[in-house]
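Step one of this worksheet: look at the structure below.
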Amino acid sequence: MRKGKSFTRLLSLVTSVALLFSLLLPALSQTAYAERGVVDLWKAIKPLTTIASAMNTGAHPDDEHSAMLAYLALGRGVDTSSIIANRGEGGQNEIGSELFNALGVIRTRELQEASAANNVTLGILSEEINDPIFDFGFSKSPDETLSLWGEKVVYERLIRKIRELRPDVLIPAFLNDPSQHGHHRAISILTVRAFQDAANPDVFPEHLERGLHPWQVKKLYMPATEKDYTVSVPVGDYDEVYGASYLQLGEESRFMHKSQGMGRHYDEGPHYNYYKLANTSEGAVDQADKQKEADFFDGIAYTFADLAQEVASKTGGQQAAQGLRTLHKDAQEVMEAYPQFAEVAREVHEMKRDLEKTVAQVEASQLDEATRIDLLHRLRVKAEQLDKASAEAVSLVAKLRPETGELVAGQTTKMTVTAYNGGSVKLNQAELRLNAPAGWQVKPLGETHFAELGYNQTVSADFAVTVPNDAPLFHPYKASAVTADVSWEAFGSESMVRAAPTQTIAVLPAFSVSLDPQATVLNTRHPQEPIPVNVTVRNYMPGAATSTITLQVPDGWTVEPASRTLSFASKGETKSTDFTVKPAASVPKGKYMITAKAANGSVESSRDVQVIQYPHIGRTYLIQPTELTIQAFDLVVPEGLKVGYVSSGFDDIDQYLRQLGVDVVELDAKEIESGDLSQYDTIVLGIRAYGFRPELIPSNGRLLQYAKDGGNLVVQYHKPFDNWSPDLAPYPITVGSPSIEWRVTDETSHVTMLAPDHPIFNTPNKITEEDWQGWIQDRSLYNASEWGDEYVELISTGDPGEEEFTGIFLTAPYGKGTYTYSTLVWYREIPALVPGAIRMFVNMISLKQ
């Protein structure tokens, strides 16, 4: 049995790895789900009891410490925020085939839903599609991460979030530990640095122009273990109101990360997260020598009463302090009124009146500027929380219903705002408003003000909304362009709630134009072979429309016909048409682009609208240029090659093989379990197939017998927990763990072909050094740490400064056939049309003894 590199170093990592997973011990309880009504009311009023705030920072969607966040936000009512660097574009997808930007859109929506479940304020540092802070894949180095992201870009946005949200406590999700992902380490390093720099007015002084003042976080905590900690967070405590522990509530939010397969079931019982105090600010109560603390907020003002005590000691703070004491009493009375909705509403509105007085007192006080700015921020947060508490207490339901969520520039549509009173408190002076961007026309079509709104009554207001001709297209990372405000009076004060639309409101191009294929290979052995291009057009214009479709091709290439015209009877109708593109007589190897345009008079569109819709995140869109990428290179594909493909749903390799002329058949469970496998020259198992195709484990004997009888069985990488066991292969293969130790993240790493005479490097395509150039994101994932002596080690490669792997590309004769196990990232390289990867994959599926 052979072993891969770093095997003996694994034991030294046990302690650090245990740290990472100490919060996620699996158990068997069912996920708890909060009820509506009294639970939502409690969730809304609990934050009124504290003025404390905390921020958790991480790199990717799912990095958040969900159980701790649930404990702080849901259990303690702390103003809690989660700041995440990127949108997870470089990860894998366990619910579909979307990758890169489309996956980033999915993971963003999942993160938004997860944060909402925990009542957590979310901030994402990545702001745009193809933002500099992009998930470029796994990194072993924080230096590499920050050089690619742009350290100043990341740091400015992180400092900005801290100054916007002004947390008392700062908690990075990870340590700067060599066992960690480089993205995690980078954000940890910057968070630790920002603890001081956010308070320094010389660091990003331009923030002051935006109204953002320096802010000194009071305490910094780092993840810790049971053996060495300052604070233990009792996430296993059971909350009777929610009917679950905070660990279980945290996992409810993690189940929203479905594209990453997150979420576990935990039994009830004691459980703790551990954190160690790393720094305190000058002026805060010094906790540095304290071995243990009751919680994160030891020595920090936690209630209005605590804050009043601090303010009273300052010059000009007596009157403001009295207002804060009144608010402390108000908050207690709100909680004592629970769960009587009308009484809670009365106390909430009394607190609103007192808060307005306190704001005026602070504004008129002689307090120093820093104290006044801080107080006004905390009171502004409390005002927003009181509005939410009022809406829950009076059972006010506000909705914004667009006639259609899919709009085009220049279109006029109707939108309806409704307010429903489900409680016993009569509401007065209800006002319904529609908010739209500058340049949009919003015209009320009737009454928007209603003197009374009684129990079980609904009032509504219709608005005509016109989208300007220059309106920007929908951006999946921006807040909704249109929202509604509903305000009302009760018990002598006014409240307001903002409603998002019941469906996504998106300004889309008049026509969505998509090409099939979106990427393809031009074989320079047959350069004049025509390329069929199918163009699909969806009409988003209201009503009937016509559209003239044209293709733009490289110089010297031709397209037939020159144009086609499609007629649409109504909005939403989709039609397709075909073109034939003929390359020039001679096409040098390289990359070429074909674009398409749909035109209706002055209205033109060369954008593809990708609809992304899943039950847990709803419907959203990704709008991108309509392009067909063509990669020209030399390729030999054996005639008549027939491949059975076992897809896990995570890759599109089979589609690209079909474009190359390979006869590919998707193998379903019945075919795998009882079909005639001998008809296939090769059977390929997609990435992680054993983890997601339940029929594979009981049918593995049939697959191995297929190879033994002369078939060519190709297995792509698996994670250790994808139901993989060494004996699934004909000769044992053990997947290395932890993953950071068994991967090559440098896509430009030097590759040595250890068996250059092997057919996989020679037939039917001659593989050379050039074929290892131009790879993207990674070389390999989840490499083997041990394997049988029967395997031929085909290549060696590794990240700079590290020992090279030889368990990346393994093949062995088995009976009359062949078994190959490969951890090269084919699923990324082939859709990216990397010539060498395609040529080698064709060789791999063409193997014959």
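A note on labels: chains of the structure tokens are A, B, ... as shown, every chain counts residues from 1, and ligands are counted from 1 in their shown order.
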
Just the residues within 12 Å of segment 226-235 of chain A, please, counting only C-alpha atoms, with nothing from its chain fewer than 6 positions along; format it as JSON, numbers by chain.
{"A": [15, 18, 19, 22, 23, 24, 65, 66, 67, 68, 69, 70, 71, 72, 73, 74, 75, 76, 171, 219, 220, 244, 245, 246, 247, 248, 249, 250, 251, 266, 268, 269, 270, 271, 272, 273, 274, 275, 276, 277, 278, 279, 287, 288, 289, 290, 291, 292, 293, 294, 295, 296, 297, 298]}

How would the residues just chosen look if you wrote them out with C-alpha atoms as a PDB file, in the first residue's frame?
ATOM      1  CA  THR A  15      -6.165  19.428  17.745  1.00  0.00           C
ATOM      2  CA  ALA A  18     -11.114  19.420  16.452  1.00  0.00           C
ATOM      3  CA  LEU A  19     -11.383  23.140  17.117  1.00  0.00           C
ATOM      4  CA  SER A  22     -16.265  21.282  18.069  1.00  0.00           C
ATOM      5  CA  LEU A  23     -19.391  23.284  17.285  1.00  0.00           C
ATOM      6  CA  LEU A  24     -20.891  20.751  14.885  1.00  0.00           C
ATOM      7  CA  HIS A  65     -21.464  30.754  13.668  1.00  0.00           C
ATOM      8  CA  SER A  66     -25.161  30.040  13.422  1.00  0.00           C
ATOM      9  CA  ALA A  67     -25.810  28.681  16.916  1.00  0.00           C
ATOM     10  CA  MET A  68     -23.983  31.568  18.580  1.00  0.00           C
ATOM     11  CA  LEU A  69     -25.828  34.075  16.391  1.00  0.00           C
ATOM     12  CA  ALA A  70     -29.162  32.470  17.279  1.00  0.00           C
ATOM     13  CA  TYR A  71     -28.265  32.655  20.976  1.00  0.00           C
ATOM     14  CA  LEU A  72     -27.344  36.334  20.766  1.00  0.00           C
ATOM     15  CA  ALA A  73     -30.092  37.542  18.426  1.00  0.00           C
ATOM     16  CA  LEU A  74     -33.020  35.289  19.320  1.00  0.00           C
ATOM     17  CA  GLY A  75     -32.152  34.422  22.906  1.00  0.00           C
ATOM     18  CA  ARG A  76     -30.601  37.650  24.189  1.00  0.00           C
ATOM     19  CA  ILE A 171     -15.954  37.814  16.651  1.00  0.00           C
ATOM     20  CA  LYS A 219     -13.912  43.631  22.827  1.00  0.00           C
ATOM     21  CA  LEU A 220     -12.459  41.136  20.355  1.00  0.00           C
ATOM     22  CA  ALA A 244     -35.875  24.517  20.596  1.00  0.00           C
ATOM     23  CA  SER A 245     -32.311  25.006  21.713  1.00  0.00           C
ATOM     24  CA  TYR A 246     -30.233  27.747  20.142  1.00  0.00           C
ATOM     25  CA  LEU A 247     -28.143  25.054  18.505  1.00  0.00           C
ATOM     26  CA  GLN A 248     -31.284  23.710  16.858  1.00  0.00           C
ATOM     27  CA  LEU A 249     -32.431  27.204  15.899  1.00  0.00           C
ATOM     28  CA  GLY A 250     -29.007  27.858  14.397  1.00  0.00           C
ATOM     29  CA  GLU A 251     -29.260  24.693  12.365  1.00  0.00           C
ATOM     30  CA  TYR A 266     -29.212  17.756  17.017  1.00  0.00           C
ATOM     31  CA  GLU A 268     -31.720  18.506  23.049  1.00  0.00           C
ATOM     32  CA  GLY A 269     -29.139  18.859  25.809  1.00  0.00           C
ATOM     33  CA  PRO A 270     -26.139  20.883  26.986  1.00  0.00           C
ATOM     34  CA  HIS A 271     -23.822  22.228  24.309  1.00  0.00           C
ATOM     35  CA  TYR A 272     -21.378  25.129  24.255  1.00  0.00           C
ATOM     36  CA  ASN A 273     -19.430  27.279  21.838  1.00  0.00           C
ATOM     37  CA  TYR A 274     -16.136  28.584  23.195  1.00  0.00           C
ATOM     38  CA  TYR A 275     -14.406  31.924  22.611  1.00  0.00           C
ATOM     39  CA  LYS A 276     -11.274  33.547  24.008  1.00  0.00           C
ATOM     40  CA  LEU A 277     -10.895  37.259  24.707  1.00  0.00           C
ATOM     41  CA  ALA A 278      -8.153  38.584  22.435  1.00  0.00           C
ATOM     42  CA  ASN A 279      -8.315  42.341  22.958  1.00  0.00           C
ATOM     43  CA  GLN A 287     -11.109  42.203  31.204  1.00  0.00           C
ATOM     44  CA  ALA A 288      -7.707  41.152  29.887  1.00  0.00           C
ATOM     45  CA  ASP A 289      -6.650  39.403  33.118  1.00  0.00           C
ATOM     46  CA  LYS A 290     -10.020  37.801  33.761  1.00  0.00           C
ATOM     47  CA  GLN A 291      -9.827  34.065  33.183  1.00  0.00           C
ATOM     48  CA  LYS A 292     -13.560  33.532  32.692  1.00  0.00           C
ATOM     49  CA  GLU A 293     -16.453  35.849  31.835  1.00  0.00           C
ATOM     50  CA  ALA A 294     -20.181  35.344  32.211  1.00  0.00           C
ATOM     51  CA  ASP A 295     -20.701  36.406  28.607  1.00  0.00           C
ATOM     52  CA  PHE A 296     -19.337  38.629  25.833  1.00  0.00           C
ATOM     53  CA  PHE A 297     -20.723  41.756  27.514  1.00  0.00           C
ATOM     54  CA  ASP A 298     -18.989  41.615  30.885  1.00  0.00           C
TER      55      ASP A 298
END

When you look at Thr303 of chain A with a cut-off of 8 Å (counting only C-alpha atoms), what residues show up, excluding the ones that are within fewer than 5 positions of it in the same chain? I need them as a ChimeraX atom specification.
/A:49-52,328

Write down as a PyMOL selection string the residues of segment 255-473 of chain A whose backbone DSSP state falls under alpha helix (DSSP H).
chain A and resi 304-312+318-337+341-364+369-393

Which of segment 647-795 of chain A end up as strand (DSSP E) when DSSP is run on this backbone - answer as a ChimeraX atom specification?
/A:663-666,682-685,712-716,733-735,752-753,784-787,792-793,795

Please determine, counting only C-alpha atoms, which residue among A:Pro444, A:Gly439, A:Pro472, A:Pro583 has the shortest atom-to-atom distance to Thr413 of chain A.
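For Thr413 of chain A, the nearest of the given residues is A:Pro444.
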